[in-house]
file work_36.pdb (PDB, C-alpha atoms, pLDDT in the B column)
MODEL        1
ATOM      1  CA  MET A 329     -12.680   2.750 -12.726  1.00 40.00           C
ATOM      2  CA  ALA A 330     -13.396   5.676 -10.469  1.00 45.00           C
ATOM      3  CA  ARG A 331     -10.720   7.695 -12.255  1.00 55.00           C
ATOM      4  CA  PRO A 332      -8.247   7.222 -15.140  1.00 69.00           C
ATOM      5  CA  LEU A 333      -5.313   4.901 -14.561  1.00 89.00           C
ATOM      6  CA  GLN A 334      -2.571   6.826 -12.745  1.00 94.00           C
ATOM      7  CA  VAL A 335       0.874   5.675 -13.844  1.00 96.00           C
ATOM      8  CA  ILE A 336       3.613   6.728 -11.414  1.00 96.00           C
ATOM      9  CA  TYR A 337       6.616   5.107 -13.099  1.00 96.00           C
ATOM     10  CA  GLU A 338       7.116   3.121 -16.272  1.00 96.00           C
ATOM     11  CA  ASP A 339      10.006   1.625 -18.238  1.00 96.00           C
ATOM     12  CA  ASN A 340      10.683  -1.519 -20.262  1.00 95.00           C
ATOM     13  CA  HIS A 341      10.776  -3.725 -17.152  1.00 96.00           C
ATOM     14  CA  LEU A 342       8.373  -2.199 -14.619  1.00 98.00           C
ATOM     15  CA  ILE A 343       5.164  -0.227 -14.327  1.00 97.00           C
ATOM     16  CA  ILE A 344       4.017   1.273 -11.031  1.00 97.00           C
ATOM     17  CA  VAL A 345       0.477   2.601 -10.725  1.00 97.00           C
ATOM     18  CA  ASN A 346      -1.670   4.311  -8.108  1.00 97.00           C
ATOM     19  CA  LYS A 347      -4.521   1.972  -7.165  1.00 97.00           C
ATOM     20  CA  SER A 348      -7.905   3.382  -6.220  1.00 94.00           C
ATOM     21  CA  ASN A 349      -9.417   2.100  -2.997  1.00 93.00           C
ATOM     22  CA  GLY A 350     -12.116  -0.508  -3.519  1.00 91.00           C
ATOM     23  CA  MET A 351     -10.323  -2.042  -6.493  1.00 93.00           C
ATOM     24  CA  LEU A 352      -8.869  -5.547  -6.665  1.00 94.00           C
ATOM     25  CA  VAL A 353      -5.261  -5.975  -7.780  1.00 95.00           C
ATOM     26  CA  GLN A 354      -6.053  -9.364  -9.340  1.00 91.00           C
ATOM     27  CA  GLY A 355      -9.357 -11.025 -10.178  1.00 83.00           C
ATOM     28  CA  ASP A 356     -11.284 -13.105  -7.648  1.00 84.00           C
ATOM     29  CA  HIS A 357     -14.657 -14.813  -7.216  1.00 82.00           C
ATOM     30  CA  THR A 358     -16.519 -11.476  -7.461  1.00 84.00           C
ATOM     31  CA  GLY A 359     -15.788 -11.167 -11.156  1.00 84.00           C
ATOM     32  CA  ASP A 360     -15.034  -7.451 -10.750  1.00 90.00           C
ATOM     33  CA  LYS A 361     -12.495  -6.120 -13.236  1.00 93.00           C
ATOM     34  CA  PRO A 362      -9.147  -5.881 -11.409  1.00 95.00           C
ATOM     35  CA  LEU A 363      -6.303  -3.394 -11.651  1.00 96.00           C
ATOM     36  CA  ASN A 364      -3.993  -5.700 -13.600  1.00 96.00           C
ATOM     37  CA  GLU A 365      -6.529  -5.881 -16.439  1.00 95.00           C
ATOM     38  CA  TYR A 366      -6.664  -2.091 -16.635  1.00 96.00           C
ATOM     39  CA  VAL A 367      -2.862  -1.974 -16.744  1.00 97.00           C
ATOM     40  CA  LYS A 368      -2.749  -4.573 -19.523  1.00 96.00           C
ATOM     41  CA  ALA A 369      -5.276  -2.551 -21.530  1.00 95.00           C
ATOM     42  CA  TYR A 370      -3.198   0.607 -21.015  1.00 96.00           C
ATOM     43  CA  ILE A 371      -0.014  -1.098 -22.258  1.00 96.00           C
ATOM     44  CA  LYS A 372      -1.782  -2.689 -25.212  1.00 95.00           C
ATOM     45  CA  GLU A 373      -3.204   0.639 -26.357  1.00 94.00           C
ATOM     46  CA  LYS A 374      -0.125   2.773 -25.682  1.00 94.00           C
ATOM     47  CA  TYR A 375       2.329   0.459 -27.436  1.00 93.00           C
ATOM     48  CA  ASN A 376      -0.090  -1.005 -29.984  1.00 93.00           C
ATOM     49  CA  LYS A 377       0.668  -4.513 -28.718  1.00 90.00           C
ATOM     50  CA  PRO A 378      -0.808  -7.396 -30.730  1.00 89.00           C
ATOM     51  CA  GLY A 379      -2.286 -10.328 -28.838  1.00 89.00           C
ATOM     52  CA  GLU A 380      -2.202 -10.864 -25.095  1.00 92.00           C
ATOM     53  CA  VAL A 381      -0.121  -8.496 -22.966  1.00 95.00           C
ATOM     54  CA  TRP A 382       2.121 -10.173 -20.376  1.00 96.00           C
ATOM     55  CA  LEU A 383       2.087  -8.583 -16.913  1.00 97.00           C
ATOM     56  CA  GLY A 384       3.577  -9.937 -13.694  1.00 97.00           C
ATOM     57  CA  THR A 385       2.058  -9.071 -10.318  1.00 96.00           C
ATOM     58  CA  VAL A 386       4.909  -8.271  -7.918  1.00 96.00           C
ATOM     59  CA  HIS A 387       2.865  -7.563  -4.770  1.00 94.00           C
ATOM     60  CA  ARG A 388      -0.692  -6.752  -3.728  1.00 94.00           C
ATOM     61  CA  LEU A 389      -2.680  -4.275  -1.701  1.00 96.00           C
ATOM     62  CA  ASP A 390      -5.914  -5.190   0.072  1.00 95.00           C
ATOM     63  CA  ARG A 391      -9.015  -4.175  -1.868  1.00 95.00           C
ATOM     64  CA  PRO A 392      -9.991  -1.256   0.439  1.00 95.00           C
ATOM     65  CA  VAL A 393      -6.426   0.152   0.429  1.00 97.00           C
ATOM     66  CA  SER A 394      -5.185   2.714  -2.106  1.00 96.00           C
ATOM     67  CA  GLY A 395      -1.703   3.570  -3.327  1.00 97.00           C
ATOM     68  CA  ALA A 396       1.361   2.383  -5.207  1.00 97.00           C
ATOM     69  CA  VAL A 397       1.338  -1.087  -6.774  1.00 98.00           C
ATOM     70  CA  VAL A 398       4.238  -2.602  -8.741  1.00 98.00           C
ATOM     71  CA  PHE A 399       3.870  -4.810 -11.808  1.00 98.00           C
ATOM     72  CA  GLY A 400       6.553  -6.363 -13.992  1.00 98.00           C
ATOM     73  CA  ARG A 401       6.404  -5.769 -17.719  1.00 97.00           C
ATOM     74  CA  THR A 402       9.016  -8.494 -18.278  1.00 96.00           C
ATOM     75  CA  SER A 403       9.672 -11.737 -16.430  1.00 96.00           C
ATOM     76  CA  LYS A 404      13.112 -10.404 -15.480  1.00 96.00           C
ATOM     77  CA  GLY A 405      11.629  -7.234 -14.027  1.00 96.00           C
ATOM     78  CA  ALA A 406       8.919  -9.115 -12.133  1.00 97.00           C
ATOM     79  CA  GLU A 407      11.281 -11.733 -10.703  1.00 97.00           C
ATOM     80  CA  ARG A 408      13.902  -9.227  -9.592  1.00 97.00           C
ATOM     81  CA  MET A 409      11.372  -6.867  -8.011  1.00 97.00           C
ATOM     82  CA  SER A 410       9.765  -9.804  -6.214  1.00 97.00           C
ATOM     83  CA  GLU A 411      13.194 -10.644  -4.848  1.00 96.00           C
ATOM     84  CA  LEU A 412      13.605  -7.086  -3.531  1.00 96.00           C
ATOM     85  CA  PHE A 413      10.303  -7.439  -1.667  1.00 95.00           C
ATOM     86  CA  ARG A 414      11.266 -10.881  -0.361  1.00 94.00           C
ATOM     87  CA  LYS A 415      14.640  -9.637   0.919  1.00 94.00           C
ATOM     88  CA  ARG A 416      13.041  -6.446   2.358  1.00 93.00           C
ATOM     89  CA  GLU A 417      15.270  -4.294   0.168  1.00 94.00           C
ATOM     90  CA  ILE A 418      12.456  -1.939  -0.769  1.00 95.00           C
ATOM     91  CA  GLN A 419      11.214   0.752   1.593  1.00 95.00           C
ATOM     92  CA  LYS A 420       7.413   0.888   1.793  1.00 96.00           C
ATOM     93  CA  VAL A 421       5.765   3.837   3.528  1.00 96.00           C
ATOM     94  CA  TYR A 422       2.025   4.022   4.203  1.00 97.00           C
ATOM     95  CA  TRP A 423      -0.228   6.760   5.520  1.00 95.00           C
ATOM     96  CA  ALA A 424      -3.065   5.794   7.838  1.00 97.00           C
ATOM     97  CA  ILE A 425      -5.783   7.872   9.509  1.00 96.00           C
ATOM     98  CA  VAL A 426      -6.954   6.723  12.934  1.00 96.00           C
ATOM     99  CA  ALA A 427      -9.468   8.182  15.393  1.00 93.00           C
ATOM    100  CA  ARG A 428      -7.512   7.470  18.575  1.00 95.00           C
ATOM    101  CA  ARG A 429      -4.220   8.991  19.628  1.00 95.00           C
ATOM    102  CA  PRO A 430      -1.437   6.389  19.751  1.00 97.00           C
ATOM    103  CA  PRO A 431       0.217   5.913  23.149  1.00 95.00           C
ATOM    104  CA  THR A 432       3.466   7.471  21.865  1.00 96.00           C
ATOM    105  CA  LYS A 433       4.326   9.849  19.006  1.00 96.00           C
ATOM    106  CA  LYS A 434       6.443   7.147  17.423  1.00 96.00           C
ATOM    107  CA  GLY A 435       6.925   3.498  18.158  1.00 97.00           C
ATOM    108  CA  ARG A 436       7.694  -0.043  17.040  1.00 97.00           C
ATOM    109  CA  LEU A 437       5.023  -2.745  17.093  1.00 98.00           C
ATOM    110  CA  VAL A 438       5.792  -6.458  17.240  1.00 98.00           C
ATOM    111  CA  HIS A 439       3.036  -9.073  17.007  1.00 98.00           C
ATOM    112  CA  TRP A 440       2.503 -12.639  15.876  1.00 98.00           C
ATOM    113  CA  LEU A 441      -0.252 -12.807  13.272  1.00 98.00           C
ATOM    114  CA  HIS A 442      -2.490 -15.773  12.592  1.00 97.00           C
ATOM    115  CA  LYS A 443      -4.799 -15.746   9.570  1.00 95.00           C
ATOM    116  CA  ASP A 444      -8.141 -17.487   9.375  1.00 94.00           C
ATOM    117  CA  THR A 445      -8.169 -18.174   5.639  1.00 91.00           C
ATOM    118  CA  LYS A 446     -11.855 -19.131   5.586  1.00 91.00           C
ATOM    119  CA  LYS A 447     -12.956 -15.836   7.137  1.00 92.00           C
ATOM    120  CA  ASN A 448     -10.044 -13.797   5.689  1.00 92.00           C
ATOM    121  CA  VAL A 449      -9.405 -12.288   9.126  1.00 96.00           C
ATOM    122  CA  VAL A 450      -6.055 -11.936  10.884  1.00 97.00           C
ATOM    123  CA  THR A 451      -5.602 -12.047  14.666  1.00 97.00           C
ATOM    124  CA  ALA A 452      -2.646 -10.355  16.394  1.00 97.00           C
ATOM    125  CA  TYR A 453      -0.984 -11.855  19.450  1.00 97.00           C
ATOM    126  CA  GLU A 454       1.654 -10.234  21.661  1.00 96.00           C
ATOM    127  CA  TYR A 455       3.378 -13.586  22.100  1.00 95.00           C
ATOM    128  CA  GLU A 456       4.444 -16.356  19.769  1.00 95.00           C
ATOM    129  CA  VAL A 457       1.706 -18.840  18.873  1.00 93.00           C
ATOM    130  CA  GLU A 458       1.644 -21.907  16.664  1.00 93.00           C
ATOM    131  CA  HIS A 459       1.294 -21.254  12.928  1.00 92.00           C
ATOM    132  CA  ALA A 460       1.578 -17.465  13.452  1.00 96.00           C
ATOM    133  CA  GLN A 461       4.034 -15.194  11.658  1.00 96.00           C
ATOM    134  CA  LYS A 462       6.070 -12.496  13.351  1.00 97.00           C
ATOM    135  CA  ALA A 463       5.113  -8.998  12.172  1.00 97.00           C
ATOM    136  CA  VAL A 464       7.037  -5.793  12.807  1.00 97.00           C
ATOM    137  CA  LEU A 465       6.285  -2.191  11.875  1.00 97.00           C
ATOM    138  CA  VAL A 466       7.329   1.282  12.946  1.00 97.00           C
ATOM    139  CA  TYR A 467       5.055   4.312  13.016  1.00 97.00           C
ATOM    140  CA  ARG A 468       5.101   8.007  13.799  1.00 96.00           C
ATOM    141  CA  VAL A 469       2.364  10.584  14.209  1.00 95.00           C
ATOM    142  CA  VAL A 470       2.745  13.212  11.496  1.00 91.00           C
ATOM    143  CA  GLY A 471      -0.491  15.181  11.741  1.00 89.00           C
ATOM    144  CA  LYS A 472      -3.710  15.826  13.648  1.00 91.00           C
ATOM    145  CA  LEU A 473      -7.048  17.128  12.421  1.00 89.00           C
ATOM    146  CA  ASN A 474      -9.937  17.467  14.872  1.00 88.00           C
ATOM    147  CA  ASN A 475     -10.082  14.066  16.593  1.00 90.00           C
ATOM    148  CA  TYR A 476      -8.173  12.206  13.886  1.00 94.00           C
ATOM    149  CA  TYR A 477      -4.473  11.415  13.634  1.00 95.00           C
ATOM    150  CA  LEU A 478      -2.334  10.836  10.551  1.00 94.00           C
ATOM    151  CA  LEU A 479       0.267   8.110  11.008  1.00 96.00           C
ATOM    152  CA  GLU A 480       3.203   7.350   8.756  1.00 95.00           C
ATOM    153  CA  VAL A 481       3.812   3.614   8.894  1.00 97.00           C
ATOM    154  CA  GLU A 482       6.730   1.561   7.633  1.00 96.00           C
ATOM    155  CA  PRO A 483       6.203  -2.205   7.737  1.00 96.00           C
ATOM    156  CA  VAL A 484       9.430  -4.102   8.342  1.00 94.00           C
ATOM    157  CA  THR A 485       7.778  -7.400   7.435  1.00 94.00           C
ATOM    158  CA  GLY A 486       5.128  -7.997   4.789  1.00 92.00           C
ATOM    159  CA  ARG A 487       2.247  -9.938   6.320  1.00 95.00           C
ATOM    160  CA  SER A 488      -1.376 -10.173   5.253  1.00 94.00           C
ATOM    161  CA  HIS A 489      -3.442  -7.286   6.691  1.00 97.00           C
ATOM    162  CA  GLN A 490      -0.400  -6.414   8.808  1.00 98.00           C
ATOM    163  CA  ILE A 491      -0.812  -2.650   9.207  1.00 98.00           C
ATOM    164  CA  ARG A 492      -4.562  -2.913   9.688  1.00 98.00           C
ATOM    165  CA  VAL A 493      -4.437  -5.529  12.434  1.00 98.00           C
ATOM    166  CA  GLN A 494      -1.338  -4.195  14.217  1.00 98.00           C
ATOM    167  CA  LEU A 495      -2.708  -0.653  14.497  1.00 98.00           C
ATOM    168  CA  ALA A 496      -6.012  -2.103  15.703  1.00 98.00           C
ATOM    169  CA  ALA A 497      -4.150  -4.173  18.296  1.00 98.00           C
ATOM    170  CA  MET A 498      -2.557  -0.927  19.534  1.00 97.00           C
ATOM    171  CA  GLY A 499      -6.074   0.458  20.027  1.00 97.00           C
ATOM    172  CA  CYS A 500      -6.018   2.591  16.862  1.00 98.00           C
ATOM    173  CA  PRO A 501      -8.126   0.931  14.136  1.00 98.00           C
ATOM    174  CA  ILE A 502      -7.944   2.622  10.746  1.00 97.00           C
ATOM    175  CA  LYS A 503     -10.844   4.904   9.835  1.00 95.00           C
ATOM    176  CA  GLY A 504     -13.474   2.893   7.963  1.00 95.00           C
ATOM    177  CA  ASP A 505     -11.930  -0.510   8.702  1.00 96.00           C
ATOM    178  CA  ILE A 506     -14.902  -2.257  10.307  1.00 96.00           C
ATOM    179  CA  LYS A 507     -13.182  -5.644   9.888  1.00 96.00           C
ATOM    180  CA  TYR A 508     -10.638  -4.596  12.496  1.00 97.00           C
ATOM    181  CA  GLY A 509     -12.679  -2.641  14.966  1.00 95.00           C
ATOM    182  CA  TYR A 510     -13.578   0.745  13.490  1.00 96.00           C
ATOM    183  CA  PRO A 511     -17.226   1.404  14.444  1.00 93.00           C
ATOM    184  CA  LYS A 512     -18.545   2.458  11.035  1.00 92.00           C
ATOM    185  CA  PRO A 513     -17.614   2.074   7.366  1.00 90.00           C
ATOM    186  CA  HIS A 514     -16.081   4.778   5.201  1.00 83.00           C
ATOM    187  CA  ARG A 515     -18.601   6.931   3.377  1.00 77.00           C
ATOM    188  CA  HIS A 516     -17.124   5.720   0.063  1.00 70.00           C
ATOM    189  CA  GLY A 517     -18.057   2.110   0.760  1.00 70.00           C
ATOM    190  CA  LYS A 518     -15.235  -0.353   0.033  1.00 79.00           C
ATOM    191  CA  ALA A 519     -12.503   1.958   1.282  1.00 91.00           C
ATOM    192  CA  ILE A 520     -10.432   2.484   4.397  1.00 96.00           C
ATOM    193  CA  CYS A 521      -8.056   5.342   5.202  1.00 96.00           C
ATOM    194  CA  LEU A 522      -4.853   3.429   4.458  1.00 97.00           C
ATOM    195  CA  HIS A 523      -2.703   4.528   1.531  1.00 97.00           C
ATOM    196  CA  ALA A 524       0.556   3.111   0.147  1.00 97.00           C
ATOM    197  CA  ARG A 525       2.255   6.492  -0.117  1.00 95.00           C
ATOM    198  CA  ARG A 526       5.883   5.866  -1.102  1.00 96.00           C
ATOM    199  CA  LEU A 527       8.174   3.203  -2.542  1.00 96.00           C
ATOM    200  CA  TYR A 528      11.949   3.665  -2.461  1.00 96.00           C
ATOM    201  CA  PHE A 529      14.278   1.115  -4.034  1.00 96.00           C
ATOM    202  CA  GLU A 530      17.194   0.499  -6.349  1.00 96.00           C
ATOM    203  CA  HIS A 531      15.936  -0.465  -9.790  1.00 96.00           C
ATOM    204  CA  PRO A 532      16.737  -4.185 -10.123  1.00 95.00           C
ATOM    205  CA  VAL A 533      17.888  -3.840 -13.743  1.00 94.00           C
ATOM    206  CA  LYS A 534      18.996  -0.217 -14.210  1.00 94.00           C
ATOM    207  CA  LYS A 535      20.501   0.070 -10.692  1.00 94.00           C
ATOM    208  CA  GLU A 536      19.103   3.589 -10.287  1.00 94.00           C
ATOM    209  CA  LYS A 537      17.595   4.881  -7.030  1.00 94.00           C
ATOM    210  CA  ILE A 538      13.843   5.287  -7.492  1.00 95.00           C
ATOM    211  CA  LEU A 539      11.377   7.067  -5.229  1.00 94.00           C
ATOM    212  CA  CYS A 540       7.711   6.803  -6.203  1.00 95.00           C
ATOM    213  CA  VAL A 541       5.046   8.906  -4.477  1.00 94.00           C
ATOM    214  CA  ALA A 542       1.379   7.996  -4.921  1.00 94.00           C
ATOM    215  CA  SER A 543      -1.036  10.920  -4.714  1.00 92.00           C
ATOM    216  CA  LEU A 544      -3.788  10.668  -2.140  1.00 92.00           C
ATOM    217  CA  PRO A 545      -7.369   9.633  -2.982  1.00 90.00           C
ATOM    218  CA  ASP A 546      -9.776  12.285  -4.246  1.00 85.00           C
ATOM    219  CA  ASP A 547     -11.294  12.740  -0.812  1.00 83.00           C
ATOM    220  CA  ALA A 548     -11.575  16.037   1.037  1.00 80.00           C
ATOM    221  CA  PHE A 549     -10.625  14.314   4.288  1.00 80.00           C
ATOM    222  CA  TRP A 550      -7.288  13.136   2.868  1.00 87.00           C
ATOM    223  CA  GLN A 551      -6.630  16.478   1.216  1.00 82.00           C
ATOM    224  CA  ASP A 552      -7.137  18.326   4.499  1.00 80.00           C
ATOM    225  CA  PHE A 553      -4.495  16.139   6.103  1.00 76.00           C
ATOM    226  CA  LEU A 554      -2.135  16.703   3.193  1.00 74.00           C
ATOM    227  CA  ALA A 555      -2.485  20.460   3.630  1.00 72.00           C
ATOM    228  CA  ILE A 556      -1.429  20.356   7.274  1.00 67.00           C
ATOM    229  CA  ASN A 557       1.370  17.819   6.854  1.00 61.00           C
ATOM    230  CA  ASP A 558       4.660  19.306   5.656  1.00 51.00           C
ATOM    231  CA  GLU A 559       6.213  16.186   4.155  1.00 53.00           C
ATOM    232  CA  LYS A 560       9.877  16.706   3.365  1.00 47.00           C
ATOM    233  CA  VAL A 561      12.055  14.372   1.307  1.00 42.00           C
ATOM    234  CA  LYS A 562      15.723  15.257   1.232  1.00 43.00           C
ATOM    235  CA  PRO A 563      16.878  15.569  -2.404  1.00 39.00           C
ATOM    236  CA  GLU A 564      20.262  13.965  -1.659  1.00 38.00           C
ATOM    237  CA  HIS A 565      18.405  10.702  -0.996  1.00 39.00           C
ATOM    238  CA  LEU A 566      17.239  10.547  -4.603  1.00 39.00           C
ATOM    239  CA  ILE A 567      18.430  10.204  -8.129  1.00 40.00           C
ATOM    240  CA  PHE A 568      14.949  10.239  -9.611  1.00 46.00           C
ATOM    241  CA  ARG A 569      11.574  11.073  -8.093  1.00 48.00           C
ATOM    242  CA  TYR A 570       8.258  10.139  -9.651  1.00 54.00           C
ATOM    243  CA  GLU A 571       4.817  11.242  -8.550  1.00 53.00           C
ATOM    244  CA  ALA A 572       1.227  10.526  -9.538  1.00 46.00           C
TER     245      ALA A 572
ENDMDL
END
call {"tool": "encode", "arguments": {"input": "work_36.pdb", "output": "structure tokens"}}
result
Amino acid sequence: MARPLQVIYEDNHLIIVNKSNGMLVQGDHTGDKPLNEYVKAYIKEKYNKPGEVWLGTVHRLDRPVSGAVVFGRTSKGAERMSELFRKREIQKVYWAIVARRPPTKKGRLVHWLHKDTKKNVVTAYEYEVEHAQKAVLVYRVVGKLNNYYLLEVEPVTGRSHQIRVQLAAMGCPIKGDIKYGYPKPHRHGKAICLHARRLYFEHPVKKEKILCVASLPDDAFWQDFLAINDEKVKPEHLIFRYEA
């Protein structure tokens, strides 16, 4: 791994970690060691677990995307968190850096997305098409640095490549995302400037309000944006806050 495993939140039922960009959540044909294997190794060592460690994948992030990823440490935790995602009862907030100014400071994007599974590419349409899924997100501009803009994005639906393709369809491809129209790759290779920044939800077992904040990648470009963005989270919205 590029850096030690960053655990944001952990209890008997769940573990939430900060994924590095360029890392797989689960294994694929590349054979590269994925995040879930690192998490299993962490649990095995920390709790001196004999045998195979059970870990349930609740959701995924694309390989070039960084940020908060949820795993279940028990089947109950995994199933109930998956249900929160399915019912859209978890607030997901992403940060994205784009090189073109959006048409408005804040807005709502609605598209119908069709995925070519062979090429692993999603196409966005502004009208309903056969076999496409409706995708909705809201965004706001929260910072500007030189010719780049920092967007805070909240997906209402959870579609494959949704934020990447919808921002590109608006004319604002994410920095480094050559798959969706950015002219050149990120200098760190398998990375794009999209980060799963916050997760806010009611714990499915403990029934506590949880806000998890994933620290930004170790990249001077991200850190410059963090310095100019005064992110404020009202304390009355929280019972517990976790950061990594």
call {"tool": "resolve_selection", "arguments": {"input": "work_36.pdb", "expression": "the PyMOL selection byres ((chain A and resi 473-485) around 6)", "output": "list in words"}}
result
Lys420, Val421, Tyr422, Trp423, Ala424, Ile425, Val426, Ala427, Ala463, Val464, Leu465, Val466, Tyr467, Arg468, Val469, Val470, Gly471, Lys472 and Gly486 of chain A
call {"tool": "residues_around", "arguments": {"input": "work_36.pdb", "residues": "stretch 493-501 of chain A", "least_positions_apart": "5", "cutoff": "6 Å", "atoms": "only C-alpha atoms", "output": "PyMOL selection string"}}
result
chain A and resi 426+428+509-510
call {"tool": "resolve_selection", "arguments": {"input": "work_36.pdb", "expression": "the PyMOL selection byres ((chain A and resi 450-452) around 9)", "output": "compact mmCIF listing (two decimals) with C-alpha atoms, in the frame of the given file"}}
result
# COMPACT_ATOMS: atom_id res chain seq x y z
CA HIS A 439 3.04 -9.07 17.01
CA TRP A 440 2.50 -12.64 15.88
CA LEU A 441 -0.25 -12.81 13.27
CA HIS A 442 -2.49 -15.77 12.59
CA LYS A 443 -4.80 -15.75 9.57
CA ASP A 444 -8.14 -17.49 9.38
CA THR A 445 -8.17 -18.17 5.64
CA LYS A 447 -12.96 -15.84 7.14
CA ASN A 448 -10.04 -13.80 5.69
CA VAL A 449 -9.40 -12.29 9.13
CA TYR A 453 -0.98 -11.86 19.45
CA GLU A 454 1.65 -10.23 21.66
CA TYR A 455 3.38 -13.59 22.10
CA ALA A 460 1.58 -17.46 13.45
CA ALA A 463 5.11 -9.00 12.17
CA SER A 488 -1.38 -10.17 5.25
CA HIS A 489 -3.44 -7.29 6.69
CA GLN A 490 -0.40 -6.41 8.81
CA VAL A 493 -4.44 -5.53 12.43
CA GLN A 494 -1.34 -4.20 14.22
CA ALA A 496 -6.01 -2.10 15.70
CA ALA A 497 -4.15 -4.17 18.30
CA TYR A 508 -10.64 -4.60 12.50
call {"tool": "atom_distance", "arguments": {"input": "work_36.pdb", "atom1": "atom CA of A:Ser348", "atom2": "atom CA of A:Asp547"}}
result
11.3 Å
call {"tool": "atom_distance", "arguments": {"input": "work_36.pdb", "atom1": "atom CA of A:Asn376", "atom2": "atom CA of A:Ser543"}}
result
28.0 Å
call {"tool": "build_atoms", "arguments": {"input": "work_36.pdb", "residues": "stretch 336-356 of chain A", "atoms": "N, CA and C atoms", "output": "PDB file, keeping the file's coordinate frame"}}
result
ATOM      1  N   ILE A 336       2.602   5.989 -12.167  1.00 96.00           N
ATOM      2  CA  ILE A 336       3.613   6.728 -11.414  1.00 96.00           C
ATOM      3  C   ILE A 336       4.973   6.601 -12.076  1.00 96.00           C
ATOM      4  N   TYR A 337       5.299   5.374 -12.493  1.00 96.00           N
ATOM      5  CA  TYR A 337       6.616   5.107 -13.099  1.00 96.00           C
ATOM      6  C   TYR A 337       6.442   4.010 -14.136  1.00 96.00           C
ATOM      7  N   GLU A 338       7.221   4.122 -15.215  1.00 96.00           N
ATOM      8  CA  GLU A 338       7.116   3.121 -16.272  1.00 96.00           C
ATOM      9  C   GLU A 338       8.415   3.056 -17.051  1.00 96.00           C
ATOM     10  N   ASP A 339       8.888   1.838 -17.320  1.00 96.00           N
ATOM     11  CA  ASP A 339      10.006   1.625 -18.238  1.00 96.00           C
ATOM     12  C   ASP A 339       9.801   0.264 -18.903  1.00 96.00           C
ATOM     13  N   ASN A 340      10.837  -0.261 -19.544  1.00 95.00           N
ATOM     14  CA  ASN A 340      10.683  -1.519 -20.262  1.00 95.00           C
ATOM     15  C   ASN A 340      10.432  -2.708 -19.337  1.00 95.00           C
ATOM     16  N   HIS A 341      10.842  -2.591 -18.076  1.00 96.00           N
ATOM     17  CA  HIS A 341      10.776  -3.725 -17.152  1.00 96.00           C
ATOM     18  C   HIS A 341       9.665  -3.624 -16.113  1.00 96.00           C
ATOM     19  N   LEU A 342       9.306  -2.388 -15.720  1.00 98.00           N
ATOM     20  CA  LEU A 342       8.373  -2.199 -14.619  1.00 98.00           C
ATOM     21  C   LEU A 342       7.303  -1.178 -14.974  1.00 98.00           C
ATOM     22  N   ILE A 343       6.163  -1.290 -14.309  1.00 97.00           N
ATOM     23  CA  ILE A 343       5.164  -0.227 -14.327  1.00 97.00           C
ATOM     24  C   ILE A 343       4.562  -0.160 -12.926  1.00 97.00           C
ATOM     25  N   ILE A 344       4.526   1.048 -12.379  1.00 97.00           N
ATOM     26  CA  ILE A 344       4.017   1.273 -11.031  1.00 97.00           C
ATOM     27  C   ILE A 344       2.833   2.221 -11.145  1.00 97.00           C
ATOM     28  N   VAL A 345       1.701   1.810 -10.585  1.00 97.00           N
ATOM     29  CA  VAL A 345       0.477   2.601 -10.725  1.00 97.00           C
ATOM     30  C   VAL A 345      -0.125   2.890  -9.353  1.00 97.00           C
ATOM     31  N   ASN A 346      -0.992   3.891  -9.328  1.00 97.00           N
ATOM     32  CA  ASN A 346      -1.670   4.311  -8.108  1.00 97.00           C
ATOM     33  C   ASN A 346      -3.066   3.685  -8.091  1.00 97.00           C
ATOM     34  N   LYS A 347      -3.255   2.695  -7.235  1.00 97.00           N
ATOM     35  CA  LYS A 347      -4.521   1.972  -7.165  1.00 97.00           C
ATOM     36  C   LYS A 347      -5.573   2.772  -6.406  1.00 97.00           C
ATOM     37  N   SER A 348      -6.785   2.787  -6.935  1.00 94.00           N
ATOM     38  CA  SER A 348      -7.905   3.382  -6.220  1.00 94.00           C
ATOM     39  C   SER A 348      -8.374   2.431  -5.128  1.00 94.00           C
ATOM     40  N   ASN A 349      -8.870   2.981  -4.017  1.00 93.00           N
ATOM     41  CA  ASN A 349      -9.417   2.100  -2.997  1.00 93.00           C
ATOM     42  C   ASN A 349     -10.710   1.460  -3.515  1.00 93.00           C
ATOM     43  N   GLY A 350     -10.957   0.238  -3.050  1.00 91.00           N
ATOM     44  CA  GLY A 350     -12.116  -0.508  -3.519  1.00 91.00           C
ATOM     45  C   GLY A 350     -11.850  -1.370  -4.730  1.00 91.00           C
ATOM     46  N   MET A 351     -10.641  -1.275  -5.292  1.00 93.00           N
ATOM     47  CA  MET A 351     -10.323  -2.042  -6.493  1.00 93.00           C
ATOM     48  C   MET A 351      -9.437  -3.232  -6.150  1.00 93.00           C
ATOM     49  N   LEU A 352      -9.708  -4.364  -6.791  1.00 94.00           N
ATOM     50  CA  LEU A 352      -8.869  -5.547  -6.665  1.00 94.00           C
ATOM     51  C   LEU A 352      -7.582  -5.368  -7.452  1.00 94.00           C
ATOM     52  N   VAL A 353      -6.488  -5.956  -6.985  1.00 95.00           N
ATOM     53  CA  VAL A 353      -5.261  -5.975  -7.780  1.00 95.00           C
ATOM     54  C   VAL A 353      -5.356  -7.072  -8.834  1.00 95.00           C
ATOM     55  N   GLN A 354      -5.826  -8.252  -8.421  1.00 91.00           N
ATOM     56  CA  GLN A 354      -6.053  -9.364  -9.340  1.00 91.00           C
ATOM     57  C   GLN A 354      -7.488  -9.850  -9.184  1.00 91.00           C
ATOM     58  N   GLY A 355      -7.984 -10.550 -10.197  1.00 83.00           N
ATOM     59  CA  GLY A 355      -9.357 -11.025 -10.178  1.00 83.00           C
ATOM     60  C   GLY A 355      -9.623 -12.047  -9.085  1.00 83.00           C
ATOM     61  N   ASP A 356     -10.870 -12.107  -8.635  1.00 84.00           N
ATOM     62  CA  ASP A 356     -11.284 -13.105  -7.648  1.00 84.00           C
ATOM     63  C   ASP A 356     -12.698 -13.587  -7.974  1.00 84.00           C
TER      64      ASP A 356
END
